[in-house]
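Dropping model_18.txt in here (compact mmCIF, C-alpha atoms):
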```
# COMPACT_ATOMS: atom_id res chain seq x y z
CA MET T 1 82.89 -32.86 3.90
CA LYS T 2 82.81 -35.59 1.30
CA PRO T 3 79.50 -35.93 -0.51
CA ASP T 4 79.28 -39.63 0.22
CA MET T 5 79.61 -38.93 3.92
CA ALA T 6 76.91 -36.30 3.52
CA SER T 7 74.70 -38.88 1.84
CA ILE T 8 74.89 -41.19 4.76
CA ARG T 9 74.16 -38.46 7.23
CA TRP T 10 71.35 -36.85 5.29
CA HIS T 11 69.51 -40.06 4.61
CA ASP T 12 68.46 -39.98 8.24
CA HIS T 13 66.65 -36.70 7.68
CA HIS T 14 63.56 -37.94 5.89
CA ILE T 15 60.48 -35.96 6.85
CA GLN T 16 58.44 -38.31 8.97
CA ARG T 17 54.82 -39.10 8.48
CA TYR T 18 53.76 -37.65 11.83
CA GLN T 19 55.47 -34.36 10.95
CA ARG T 20 53.32 -33.95 7.85
CA SER T 21 50.23 -34.78 9.86
CA GLU T 22 51.19 -32.29 12.61
CA GLN T 23 51.95 -29.56 10.07
CA LYS T 24 48.43 -29.92 8.70
CA CYS T 25 46.70 -30.23 12.11
CA GLN T 26 44.80 -33.32 11.03
CA LYS T 27 44.87 -37.10 11.12
CA PRO T 28 45.21 -38.23 7.50
CA CYS T 29 42.88 -40.86 6.12
CA LEU T 30 41.25 -42.14 2.96
CA ILE T 31 37.49 -41.60 2.93
CA TRP T 32 36.22 -44.18 0.47
CA PHE T 33 32.79 -43.43 -0.95
CA THR T 34 31.04 -46.44 -2.48
CA GLY T 35 27.56 -46.81 -3.94
CA LEU T 36 25.55 -47.02 -7.12
CA SER T 37 25.91 -44.70 -10.08
CA GLY T 38 23.82 -41.64 -9.30
CA ALA T 39 23.80 -42.33 -5.56
CA GLY T 40 25.49 -39.02 -4.86
CA LYS T 41 29.06 -40.16 -4.07
CA SER T 42 30.85 -37.37 -5.93
CA THR T 43 28.32 -34.77 -4.89
CA VAL T 44 28.56 -35.58 -1.20
CA ALA T 45 32.34 -36.02 -1.44
CA ASN T 46 32.67 -32.55 -2.98
CA ALA T 47 30.44 -31.05 -0.32
CA LEU T 48 32.52 -32.70 2.41
CA ASP T 49 35.68 -31.54 0.69
CA LYS T 50 34.38 -27.98 0.87
CA LEU T 51 33.46 -28.31 4.55
CA LEU T 52 36.97 -29.58 5.30
CA PHE T 53 38.68 -26.98 3.15
CA ASP T 54 36.70 -24.20 4.80
CA GLN T 55 38.16 -25.43 8.11
CA ASP T 56 41.63 -25.09 6.57
CA LYS T 57 42.08 -28.85 6.31
CA HIS T 58 44.32 -30.25 3.61
CA THR T 59 42.38 -32.52 1.32
CA TYR T 60 42.14 -33.97 -2.15
CA LEU T 61 39.42 -35.75 -4.06
CA LEU T 62 40.06 -38.66 -6.38
CA ASP T 63 37.28 -39.42 -8.83
CA GLY T 64 36.69 -40.35 -12.44
CA ASP T 65 37.44 -36.80 -13.56
CA ASN T 66 41.07 -36.80 -12.49
CA VAL T 67 41.94 -40.52 -12.53
CA ARG T 68 40.22 -42.09 -15.51
CA HIS T 69 42.07 -40.21 -18.25
CA GLY T 70 45.38 -40.30 -16.45
CA LEU T 71 46.59 -42.92 -14.02
CA THR T 72 44.18 -45.63 -15.13
CA LYS T 73 43.70 -44.70 -18.77
CA ASP T 74 45.34 -47.92 -19.92
CA LEU T 75 42.70 -50.03 -18.21
CA GLY T 76 39.52 -51.43 -19.73
CA PHE T 77 36.55 -53.23 -18.22
CA THR T 78 37.74 -56.81 -17.81
CA VAL T 79 37.59 -58.31 -14.33
CA GLN T 80 41.36 -58.03 -14.04
CA ASP T 81 41.39 -54.40 -15.17
CA ARG T 82 38.58 -53.54 -12.77
CA ILE T 83 40.58 -54.95 -9.87
CA GLU T 84 43.73 -53.15 -11.01
CA ASN T 85 41.78 -49.92 -11.33
CA ILE T 86 40.67 -50.03 -7.71
CA ARG T 87 44.10 -51.20 -6.55
CA ARG T 88 45.83 -48.21 -8.13
CA ILE T 89 43.34 -45.77 -6.66
CA GLY T 90 43.95 -47.38 -3.27
CA GLU T 91 47.72 -47.14 -3.67
CA VAL T 92 47.51 -43.49 -4.69
CA GLY T 93 45.23 -42.86 -1.72
CA LYS T 94 47.90 -44.44 0.46
CA LEU T 95 50.55 -42.06 -0.91
CA PHE T 96 48.28 -39.08 -0.21
CA VAL T 97 47.64 -40.31 3.33
CA ASP T 98 51.39 -40.75 3.77
CA ALA T 99 51.71 -37.12 2.63
CA GLY T 100 49.40 -36.09 5.47
CA LEU T 101 46.26 -35.36 3.49
CA ILE T 102 42.67 -36.34 4.02
CA VAL T 103 41.84 -37.87 0.67
CA LEU T 104 38.34 -38.60 -0.54
CA SER T 105 37.59 -41.06 -3.32
CA ALA T 106 34.34 -41.50 -5.20
CA PHE T 107 34.04 -44.65 -7.28
CA ILE T 108 31.20 -47.17 -7.53
CA SER T 109 33.60 -49.94 -6.43
CA PRO T 110 30.81 -52.53 -6.36
CA PHE T 111 32.76 -55.51 -5.07
CA ARG T 112 33.57 -56.22 -1.42
CA SER T 113 36.81 -57.98 -2.25
CA ASP T 114 38.18 -54.93 -4.10
CA ARG T 115 37.29 -52.58 -1.26
CA GLN T 116 38.69 -55.04 1.27
CA MET T 117 41.96 -55.11 -0.69
CA VAL T 118 42.19 -51.33 -0.43
CA ARG T 119 41.33 -51.38 3.26
CA SER T 120 44.13 -53.90 3.81
CA LEU T 121 46.66 -51.36 2.50
CA PHE T 122 45.96 -49.10 5.47
CA SER T 123 46.47 -49.09 9.19
CA LYS T 124 43.44 -49.25 11.45
CA GLY T 125 41.49 -45.99 11.34
CA GLU T 126 43.11 -44.74 8.15
CA PHE T 127 40.44 -46.18 5.88
CA VAL T 128 36.93 -44.79 6.32
CA GLU T 129 34.36 -46.57 4.17
CA VAL T 130 31.27 -44.47 3.50
CA TYR T 131 28.42 -46.36 1.90
CA ILE T 132 26.11 -44.02 0.01
CA SER T 133 23.09 -46.25 0.20
CA THR T 134 20.66 -44.34 -2.02
CA ASP T 135 18.03 -46.73 -3.42
CA LEU T 136 18.42 -47.95 -6.96
CA SER T 137 14.99 -46.50 -7.79
CA VAL T 138 16.16 -43.03 -6.70
CA CYS T 139 19.46 -43.36 -8.60
CA GLU T 140 17.65 -44.51 -11.70
CA GLY T 141 15.12 -41.71 -11.33
CA ARG T 142 17.95 -39.16 -11.28
CA ASP T 143 20.03 -40.82 -14.02
CA PRO T 144 22.13 -37.65 -14.45
CA LYS T 145 24.19 -39.10 -17.30
CA GLY T 146 21.44 -41.18 -18.92
CA LEU T 147 23.40 -44.35 -18.14
CA TYR T 148 20.54 -46.29 -16.53
CA LYS T 149 18.40 -45.65 -19.58
CA LYS T 150 21.15 -47.01 -21.81
CA ALA T 151 21.70 -49.99 -19.50
CA ARG T 152 17.97 -50.82 -19.50
CA ALA T 153 17.99 -50.61 -23.28
CA GLY T 154 20.94 -52.99 -23.37
CA ASP T 155 23.25 -50.40 -24.89
CA ILE T 156 25.57 -50.66 -21.88
CA LYS T 157 26.45 -54.11 -20.56
CA ASN T 158 27.46 -55.06 -17.01
CA PHE T 159 26.04 -51.90 -15.51
CA THR T 160 26.06 -52.00 -11.73
CA GLY T 161 22.58 -52.36 -10.29
CA ILE T 162 21.04 -53.44 -13.60
CA ASP T 163 22.89 -56.46 -14.94
CA SER T 164 25.89 -56.46 -12.61
CA VAL T 165 25.75 -56.84 -8.85
CA TYR T 166 26.49 -54.17 -6.25
CA GLU T 167 27.78 -55.76 -3.05
CA ALA T 168 26.81 -53.46 -0.20
CA PRO T 169 29.41 -53.06 2.55
CA VAL T 170 28.88 -55.29 5.58
CA SER T 171 30.61 -53.07 8.16
CA PRO T 172 31.25 -49.66 6.65
CA GLU T 173 32.27 -46.86 8.98
CA LEU T 174 29.26 -44.86 7.82
CA VAL T 175 26.04 -45.40 5.89
CA ILE T 176 24.51 -42.33 4.29
CA ASP T 177 21.21 -42.43 2.46
CA ALA T 178 21.58 -39.55 0.04
CA GLY T 179 18.06 -40.26 -1.17
CA SER T 180 16.54 -39.00 2.08
CA LEU T 181 19.21 -36.55 3.33
CA SER T 182 20.15 -33.30 1.68
CA VAL T 183 23.68 -33.12 0.36
CA GLU T 184 24.60 -30.58 3.03
CA ALA T 185 23.25 -32.83 5.80
CA ALA T 186 25.02 -35.87 4.37
CA ALA T 187 28.35 -34.05 4.21
CA GLN T 188 27.87 -32.64 7.70
CA GLU T 189 27.21 -36.11 9.11
CA ILE T 190 30.52 -37.39 7.76
CA PHE T 191 32.28 -34.25 8.98
CA ASN T 192 30.84 -34.83 12.46
CA TYR T 193 32.11 -38.41 12.37
CA LEU T 194 35.61 -37.18 11.49
CA ARG T 195 35.54 -34.54 14.22
CA ALA T 196 34.26 -36.93 16.87
CA ARG T 197 37.13 -39.31 16.14
CA GLY T 198 39.84 -36.70 16.05
CA TYR T 199 40.61 -36.72 12.34
CA VAL T 200 39.94 -32.99 12.23
CA MET M 1 15.03 -29.37 -1.07
CA LYS M 2 15.12 -32.42 -3.28
CA PRO M 3 18.45 -34.21 -3.20
CA ASP M 4 18.71 -34.25 -6.98
CA MET M 5 18.35 -30.47 -7.02
CA ALA M 6 21.03 -30.28 -4.36
CA SER M 7 23.28 -32.44 -6.51
CA ILE M 8 23.09 -30.05 -9.37
CA ARG M 9 23.81 -27.05 -7.21
CA TRP M 10 26.65 -28.61 -5.25
CA HIS M 11 28.51 -29.85 -8.27
CA ASP M 12 29.50 -26.26 -8.89
CA HIS M 13 31.32 -26.14 -5.58
CA HIS M 14 34.45 -28.13 -6.40
CA ILE M 15 37.48 -26.77 -4.61
CA GLN M 16 39.54 -25.14 -7.32
CA ARG M 17 43.18 -25.75 -7.96
CA TYR M 18 44.20 -22.15 -7.19
CA GLN M 19 42.47 -22.39 -3.82
CA ARG M 20 44.63 -25.33 -2.78
CA SER M 21 47.70 -23.47 -3.97
CA GLU M 22 46.71 -20.31 -2.08
CA GLN M 23 45.94 -22.27 1.08
CA LYS M 24 49.47 -23.65 1.04
CA CYS M 25 51.16 -20.36 0.07
CA GLN M 26 53.11 -21.99 -2.72
CA LYS M 27 53.07 -22.66 -6.43
CA PRO M 28 52.77 -26.43 -6.83
CA CYS M 29 55.14 -28.29 -9.12
CA LEU M 30 56.81 -31.62 -9.74
CA ILE M 31 60.56 -31.51 -9.18
CA TRP M 32 61.87 -34.42 -11.20
CA PHE M 33 65.32 -35.63 -10.17
CA THR M 34 67.10 -37.71 -12.79
CA GLY M 35 70.58 -39.17 -12.83
CA LEU M 36 72.63 -42.32 -12.40
CA SER M 37 72.27 -44.75 -9.55
CA GLY M 38 74.33 -43.37 -6.67
CA ALA M 39 74.32 -39.84 -8.10
CA GLY M 40 72.58 -38.52 -5.00
CA LYS M 41 69.04 -37.99 -6.31
CA SER M 42 67.23 -39.28 -3.23
CA THR M 43 69.72 -37.71 -0.86
CA VAL M 44 69.45 -34.25 -2.39
CA ALA M 45 65.69 -34.62 -2.79
CA ASN M 46 65.34 -35.45 0.90
CA ALA M 47 67.55 -32.51 1.88
CA LEU M 48 65.45 -30.20 -0.31
CA ASP M 49 62.29 -31.68 1.14
CA LYS M 50 63.55 -30.80 4.61
CA LEU M 51 64.44 -27.24 3.57
CA LEU M 52 60.95 -26.80 2.15
CA PHE M 53 59.22 -28.40 5.10
CA ASP M 54 61.17 -26.20 7.51
CA GLN M 55 59.69 -23.22 5.64
CA ASP M 56 56.23 -24.70 6.25
CA LYS M 57 55.83 -25.70 2.63
CA HIS M 58 53.61 -28.66 1.77
CA THR M 59 55.60 -31.33 0.00
CA TYR M 60 55.86 -35.02 -0.72
CA LEU M 61 58.62 -37.21 -2.06
CA LEU M 62 58.04 -40.08 -4.47
CA ASP M 63 60.84 -42.61 -4.69
CA GLY M 64 61.46 -46.32 -4.88
CA ASP M 65 60.67 -46.70 -1.20
CA ASN M 66 57.04 -45.69 -1.45
CA VAL M 67 56.22 -46.49 -5.07
CA ARG M 68 57.97 -49.71 -6.02
CA HIS M 69 56.14 -52.04 -3.65
CA GLY M 70 52.81 -50.30 -4.13
CA LEU M 71 51.61 -48.46 -7.17
CA THR M 72 54.06 -50.06 -9.59
CA LYS M 73 54.56 -53.45 -7.96
CA ASP M 74 52.95 -55.23 -10.92
CA LEU M 75 55.62 -53.95 -13.29
CA GLY M 76 58.81 -55.69 -14.35
CA PHE M 77 61.78 -54.53 -16.38
CA THR M 78 60.63 -54.85 -19.98
CA VAL M 79 60.77 -51.72 -22.13
CA GLN M 80 57.00 -51.43 -21.95
CA ASP M 81 56.93 -51.81 -18.17
CA ARG M 82 59.72 -49.28 -17.78
CA ILE M 83 57.71 -46.72 -19.75
CA GLU M 84 54.54 -47.52 -17.79
CA ASN M 85 56.48 -47.17 -14.52
CA ILE M 86 57.56 -43.62 -15.36
CA ARG M 87 54.13 -42.78 -16.77
CA ARG M 88 52.38 -43.74 -13.54
CA ILE M 89 54.83 -41.77 -11.41
CA GLY M 90 54.21 -38.79 -13.67
CA GLU M 91 50.44 -39.18 -13.39
CA VAL M 92 50.62 -39.45 -9.61
CA GLY M 93 52.87 -36.39 -9.56
CA LYS M 94 50.20 -34.60 -11.55
CA LEU M 95 47.54 -35.49 -8.98
CA PHE M 96 49.78 -34.19 -6.17
CA VAL M 97 50.40 -30.96 -8.08
CA ASP M 98 46.65 -30.66 -8.61
CA ALA M 99 46.30 -31.06 -4.84
CA GLY M 100 48.57 -28.03 -4.37
CA LEU M 101 51.73 -29.81 -3.24
CA ILE M 102 55.32 -29.45 -4.28
CA VAL M 103 56.20 -33.03 -5.10
CA LEU M 104 59.73 -34.32 -5.54
CA SER M 105 60.51 -37.53 -7.40
CA ALA M 106 63.78 -39.42 -7.43
CA PHE M 107 64.13 -42.09 -10.10
CA ILE M 108 66.99 -42.79 -12.50
CA SER M 109 64.60 -42.29 -15.46
CA PRO M 110 67.42 -42.72 -17.98
CA PHE M 111 65.48 -42.07 -21.18
CA ARG M 112 64.67 -38.64 -22.60
CA SER M 113 61.44 -39.82 -24.21
CA ASP M 114 60.06 -41.04 -20.86
CA ARG M 115 60.91 -37.78 -19.11
CA GLN M 116 59.49 -35.80 -22.03
CA MET M 117 56.26 -37.77 -21.74
CA VAL M 118 55.98 -36.78 -18.09
CA ARG M 119 56.80 -33.15 -18.87
CA SER M 120 54.03 -33.14 -21.47
CA LEU M 121 51.49 -33.95 -18.74
CA PHE M 122 52.15 -30.59 -17.09
CA SER M 123 51.62 -26.93 -17.83
CA LYS M 124 54.63 -24.73 -18.40
CA GLY M 125 56.53 -24.17 -15.17
CA GLU M 126 54.93 -27.08 -13.33
CA PHE M 127 57.64 -29.57 -14.27
CA VAL M 128 61.12 -28.82 -12.97
CA GLU M 129 63.73 -31.25 -14.26
CA VAL M 130 66.80 -31.46 -12.05
CA TYR M 131 69.67 -33.37 -13.56
CA ILE M 132 71.96 -34.73 -10.86
CA SER M 133 75.02 -34.96 -13.07
CA THR M 134 77.44 -36.73 -10.74
CA ASP M 135 80.09 -38.55 -12.78
CA LEU M 136 79.77 -42.27 -13.30
CA SER M 137 83.18 -42.75 -11.68
CA VAL M 138 81.97 -41.02 -8.50
CA CYS M 139 78.70 -42.97 -8.47
CA GLU M 140 80.56 -46.24 -8.98
CA GLY M 141 83.05 -45.30 -6.28
CA ARG M 142 80.21 -44.77 -3.80
CA ASP M 143 78.15 -47.79 -4.91
CA PRO M 144 76.02 -47.62 -1.74
CA LYS M 145 74.01 -50.72 -2.61
CA GLY M 146 76.78 -52.68 -4.32
CA LEU M 147 74.85 -52.57 -7.59
CA TYR M 148 77.70 -51.36 -9.78
CA LYS M 149 79.86 -54.19 -8.56
CA LYS M 150 77.15 -56.68 -9.46
CA ALA M 151 76.60 -55.02 -12.84
CA ARG M 152 80.35 -55.13 -13.63
CA ALA M 153 80.33 -58.81 -12.66
CA GLY M 154 77.39 -59.39 -15.01
CA ASP M 155 75.08 -60.38 -12.17
CA ILE M 156 72.74 -57.50 -13.05
CA LYS M 157 71.89 -56.91 -16.69
CA ASN M 158 70.86 -53.63 -18.35
CA PHE M 159 72.26 -51.52 -15.53
CA THR M 160 72.21 -47.82 -16.37
CA GLY M 161 75.69 -46.46 -16.98
CA ILE M 162 77.25 -49.91 -17.38
CA ASP M 163 75.42 -51.83 -20.09
CA SER M 164 72.42 -49.57 -20.58
CA VAL M 165 72.53 -45.95 -21.68
CA TYR M 166 71.76 -42.89 -19.59
CA GLU M 167 70.45 -40.08 -21.78
CA ALA M 168 71.38 -36.83 -20.08
CA PRO M 169 68.75 -34.07 -20.25
CA VAL M 170 69.29 -31.54 -23.04
CA SER M 171 67.52 -28.59 -21.41
CA PRO M 172 66.85 -29.38 -17.76
CA GLU M 173 65.76 -26.56 -15.48
CA LEU M 174 68.78 -27.27 -13.27
CA VAL M 175 72.02 -29.25 -13.39
CA ILE M 176 73.51 -30.20 -10.04
CA ASP M 177 76.83 -31.97 -9.76
CA ALA M 178 76.46 -33.79 -6.46
CA GLY M 179 80.00 -35.07 -6.88
CA SER M 180 81.49 -31.62 -6.27
CA LEU M 181 78.78 -29.94 -4.16
CA SER M 182 77.83 -30.90 -0.64
CA VAL M 183 74.29 -32.19 -0.24
CA GLU M 184 73.34 -29.05 1.70
CA ALA M 185 74.69 -26.80 -1.05
CA ALA M 186 72.96 -28.83 -3.74
CA ALA M 187 69.60 -28.66 -1.96
CA GLN M 188 70.06 -24.95 -1.28
CA GLU M 189 70.73 -24.26 -4.95
CA ILE M 190 67.44 -25.87 -5.95
CA PHE M 191 65.65 -24.05 -3.13
CA ASN M 192 67.07 -20.75 -4.39
CA TYR M 193 65.83 -21.57 -7.88
CA LEU M 194 62.32 -22.20 -6.53
CA ARG M 195 62.36 -19.01 -4.49
CA ALA M 196 63.64 -16.89 -7.35
CA ARG M 197 60.80 -18.10 -9.55
CA GLY M 198 58.04 -17.69 -6.99
CA TYR M 199 57.32 -21.35 -6.29
CA VAL M 200 57.96 -20.70 -2.60
```
Rewritten as structure tokens:
Amino acid sequence: MKPDMASIRWHDHHIQRYQRSEQKCQKPCLIWFTGLSGAGKSTVANALDKLLFDQDKHTYLLDGDNVRHGLTKDLGFTVQDRIENIRRIGEVGKLFVDAGLIVLSAFISPFRSDRQMVRSLFSKGEFVEVYISTDLSVCEGRDPKGLYKKARAGDIKNFTGIDSVYEAPVSPELVIDAGSLSVEAAAQEIFNYLRARGYV
Amino acid sequence: MKPDMASIRWHDHHIQRYQRSEQKCQKPCLIWFTGLSGAGKSTVANALDKLLFDQDKHTYLLDGDNVRHGLTKDLGFTVQDRIENIRRIGEVGKLFVDAGLIVLSAFISPFRSDRQMVRSLFSKGEFVEVYISTDLSVCEGRDPKGLYKKARAGDIKNFTGIDSVYEAPVSPELVIDAGSLSVEAAAQEIFNYLRARGYV
């Protein structure tokens, strides 16, 4: 057999998207957590990740810890860079969904247009927007990294919720107030949503 | 329980990298195919992907089809953009490896420094460079997309192998001549390498 003939034949043997999904016994999607700093996005996302993993689901979590110093490390805080930052995270999420995974992302992503851009990359049902709606007062009271304090003092500029706007989602798939729910309950509510709709 | 207390406790419950690897019964890595246009990178990568998938391994393939019009669509063909293109693919590969997958990538990636940069993102053993060493004459004879013809005619500039250099790897993990091996044999050889070293 000539290699070039083999090439032609083998190019038809790409593993299909549905095969990866079937292998993993799940419907892949990107679960996009959005909300203020300190709202509990990463915390709830990690708790959900654990719930899913304990059910032998195949997941991954994108957050500042694994994205900021790698894929988006060339980006700063201009408007253009902010948009590009969210775009890249969305595109990577799309690759993970194509790979059959349930991928969770936890970024403030304060602007509707940015989140809408990400949603537009996906087919219906593949993008699950989870608004962690914890009140600003609760977030500021927690202030786990001392960022609100710095923002109030003017040491950080354009801080979401203080001197930069947070645009709450109009029609998110889920709204979770992590100021009144425990983390376990919040994660379970999202898990129940995914189970009810056949993602897991 | 106060939510902020829960936050602190739950943050210790990140799913660890080894857990994702154990779940998938494999040692994750990035298998980086490099070689001339038409050498058979994508073809062999797809054949290997199928071999791995048929063994119930969890894989994904990054190539021009799923990266060019998404994650790297803002990039052109300047030296800087070329470097950034490879960097992003490397960073995404790193995320997939962190997620426990065996990820295959198929890009010409003609420059040693770019490939070395990607290798440097990974721990020892996580980056497997596979040089598809098919002769230029064979690649040009195949010319599946008619690109060599255009490059010879001067309609495409800076085409690797014609008027831009291809820097062959000095110490790749594997060298595969897809001009003399069948695609099946080439894929099997890489599979055997992975099995012998405990990746699968």
Write out as a list in words the residues lying within 7 Å of stretch 40-44 of chain T, counting only C-alpha atoms and excluding same-chain residues fewer than 2 positions away.
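With the cut-off at 7 Å, the set is Phe33, Thr34, Gly35, Gly38, Asn46, Ala47, Leu48, Ala106, Ile132, Ala178, Val183, Ala186 and Ala187 of chain T; Ser7, Trp10 and His11 of chain M.
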Hey, which of T:Ile156, T:Ile15, T:Ile162, T:Ile102 ends up closest to chain M? Count all atoms listed in the file.
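The answer is T:Ile15, which sits nearest to chain M.
Counting all atoms listed in the file, stretch 166-174 of chain T has the following residues at most 7 Å away, ignoring those fewer than 5 positions along the same chain: Pro110, Phe111, Arg112, Val128, Glu129, Val130, Tyr131, Thr160 and Gly161 of chain T.
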Taking 2 positions as the minimum chain separation for residues in the same chain, which residues sit within 8 Å of T:Asp135 when counting all atoms listed in the file? Answer as a PyMOL selection string.
chain T and resi 39+133+137-139+177+179
Within 7 Å of (36.3, -51.5, -8.5), in the coordinates the file gives, what residues turn up when you count only C-alpha atoms, written out as a count of residues only?
9
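Here atom CA of T:Gln188 and atom CA of M:Gln16 stand 20.4 Å from one another.
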Go ahead and compute the interatomic distance for atom CA of M:Asp63 and atom CA of T:Thr72, in Å to one decimal.
19.9 Å
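Taking atom CA of M:Arg20 and atom CA of M:Gly100 as endpoints, the distance between them is 5.0 Å.
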Can you write out as a Markdown table which residues of chain M fall within 9 Å of chain T, alongside each residue's closest atom pair and its distance in Å to one decimal, counting only C-alpha atoms and ordering rows by chain and ascending residue number?
```
| residue | atom | partner | partner_atom | distance |
| --- | --- | --- | --- | --- |
| M:Met1 | CA | T:Ser182 | CA | 7.0 |
| M:Lys2 | CA | T:Ser182 | CA | 7.1 |
| M:Pro3 | CA | T:Ser182 | CA | 5.2 |
| M:Asp4 | CA | T:Arg142 | CA | 6.6 |
| M:Ala6 | CA | T:Val183 | CA | 6.1 |
| M:Ser7 | CA | T:Thr43 | CA | 5.8 |
| M:Ile8 | CA | T:Thr43 | CA | 8.3 |
| M:Trp10 | CA | T:Thr43 | CA | 6.4 |
| M:His11 | CA | T:Thr43 | CA | 6.0 |
| M:His13 | CA | T:Asn46 | CA | 7.0 |
| M:His14 | CA | T:Asn46 | CA | 5.9 |
| M:Ile15 | CA | T:Lys50 | CA | 6.4 |
| M:Arg20 | CA | T:His58 | CA | 8.1 |
| M:Gln23 | CA | T:Asp56 | CA | 7.5 |
| M:Lys24 | CA | T:His58 | CA | 8.8 |
| M:Gly40 | CA | T:Ser7 | CA | 7.2 |
| M:Ser42 | CA | T:His11 | CA | 8.2 |
| M:Thr43 | CA | T:Ser7 | CA | 5.8 |
| M:Val44 | CA | T:Ser7 | CA | 8.2 |
| M:Asn46 | CA | T:His14 | CA | 5.9 |
| M:Ala47 | CA | T:Trp10 | CA | 6.7 |
| M:Asp49 | CA | T:Ile15 | CA | 7.4 |
| M:Lys50 | CA | T:Ile15 | CA | 6.4 |
| M:Phe53 | CA | T:Ile15 | CA | 7.9 |
| M:Asp56 | CA | T:Gln23 | CA | 7.5 |
| M:His58 | CA | T:Arg20 | CA | 8.1 |
| M:Thr59 | CA | T:Ala99 | CA | 7.5 |
| M:Tyr60 | CA | T:Ala99 | CA | 5.7 |
| M:Leu61 | CA | T:Ala99 | CA | 8.4 |
| M:Leu62 | CA | T:Leu95 | CA | 8.5 |
| M:Asn66 | CA | T:Leu95 | CA | 7.5 |
| M:Val67 | CA | T:Leu95 | CA | 8.3 |
| M:Gly70 | CA | T:Glu91 | CA | 6.0 |
| M:Leu71 | CA | T:Glu91 | CA | 5.4 |
| M:Thr72 | CA | T:Arg88 | CA | 8.6 |
| M:Arg87 | CA | T:Leu71 | CA | 8.0 |
| M:Arg88 | CA | T:Leu71 | CA | 5.9 |
| M:Ile89 | CA | T:Leu71 | CA | 8.7 |
| M:Gly90 | CA | T:Leu71 | CA | 8.7 |
| M:Glu91 | CA | T:Leu71 | CA | 5.4 |
| M:Val92 | CA | T:Leu71 | CA | 6.9 |
| M:Lys94 | CA | T:Gly70 | CA | 8.9 |
| M:Leu95 | CA | T:Asn66 | CA | 7.5 |
| M:Phe96 | CA | T:Phe96 | CA | 7.9 |
| M:Asp98 | CA | T:Tyr60 | CA | 8.5 |
| M:Ala99 | CA | T:Tyr60 | CA | 5.7 |
| M:Arg142 | CA | T:Asp4 | CA | 6.6 |
| M:Pro144 | CA | T:Asp4 | CA | 8.8 |
| M:Ala178 | CA | T:Pro3 | CA | 7.0 |
| M:Gly179 | CA | T:Pro3 | CA | 6.4 |
| M:Ser180 | CA | T:Pro3 | CA | 7.5 |
| M:Leu181 | CA | T:Pro3 | CA | 7.1 |
| M:Ser182 | CA | T:Pro3 | CA | 5.3 |
| M:Val183 | CA | T:Ala6 | CA | 6.2 |
| M:Glu184 | CA | T:Ala6 | CA | 8.3 |
```
Hey, can you spit out that residue selection with C-alpha atoms as a compact mmCIF listing (two decimals), in the frame of the given file?
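So the final result, stored in selection.txt, reads:
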```txt
# COMPACT_ATOMS: atom_id res chain seq x y z
CA MET M 1 15.03 -29.37 -1.07
CA LYS M 2 15.12 -32.42 -3.28
CA PRO M 3 18.45 -34.21 -3.20
CA ASP M 4 18.71 -34.25 -6.98
CA ALA M 6 21.03 -30.28 -4.36
CA SER M 7 23.28 -32.44 -6.51
CA ILE M 8 23.09 -30.05 -9.37
CA TRP M 10 26.65 -28.61 -5.25
CA HIS M 11 28.51 -29.85 -8.27
CA HIS M 13 31.32 -26.14 -5.58
CA HIS M 14 34.45 -28.13 -6.40
CA ILE M 15 37.48 -26.77 -4.61
CA ARG M 20 44.63 -25.33 -2.78
CA GLN M 23 45.94 -22.27 1.08
CA LYS M 24 49.47 -23.65 1.04
CA GLY M 40 72.58 -38.52 -5.00
CA SER M 42 67.23 -39.28 -3.23
CA THR M 43 69.72 -37.71 -0.86
CA VAL M 44 69.45 -34.25 -2.39
CA ASN M 46 65.34 -35.45 0.90
CA ALA M 47 67.55 -32.51 1.88
CA ASP M 49 62.29 -31.68 1.14
CA LYS M 50 63.55 -30.80 4.61
CA PHE M 53 59.22 -28.40 5.10
CA ASP M 56 56.23 -24.70 6.25
CA HIS M 58 53.61 -28.66 1.77
CA THR M 59 55.60 -31.33 0.00
CA TYR M 60 55.86 -35.02 -0.72
CA LEU M 61 58.62 -37.21 -2.06
CA LEU M 62 58.04 -40.08 -4.47
CA ASN M 66 57.04 -45.69 -1.45
CA VAL M 67 56.22 -46.49 -5.07
CA GLY M 70 52.81 -50.30 -4.13
CA LEU M 71 51.61 -48.46 -7.17
CA THR M 72 54.06 -50.06 -9.59
CA ARG M 87 54.13 -42.78 -16.77
CA ARG M 88 52.38 -43.74 -13.54
CA ILE M 89 54.83 -41.77 -11.41
CA GLY M 90 54.21 -38.79 -13.67
CA GLU M 91 50.44 -39.18 -13.39
CA VAL M 92 50.62 -39.45 -9.61
CA LYS M 94 50.20 -34.60 -11.55
CA LEU M 95 47.54 -35.49 -8.98
CA PHE M 96 49.78 -34.19 -6.17
CA ASP M 98 46.65 -30.66 -8.61
CA ALA M 99 46.30 -31.06 -4.84
CA ARG M 142 80.21 -44.77 -3.80
CA PRO M 144 76.02 -47.62 -1.74
CA ALA M 178 76.46 -33.79 -6.46
CA GLY M 179 80.00 -35.07 -6.88
CA SER M 180 81.49 -31.62 -6.27
CA LEU M 181 78.78 -29.94 -4.16
CA SER M 182 77.83 -30.90 -0.64
CA VAL M 183 74.29 -32.19 -0.24
CA GLU M 184 73.34 -29.05 1.70
```
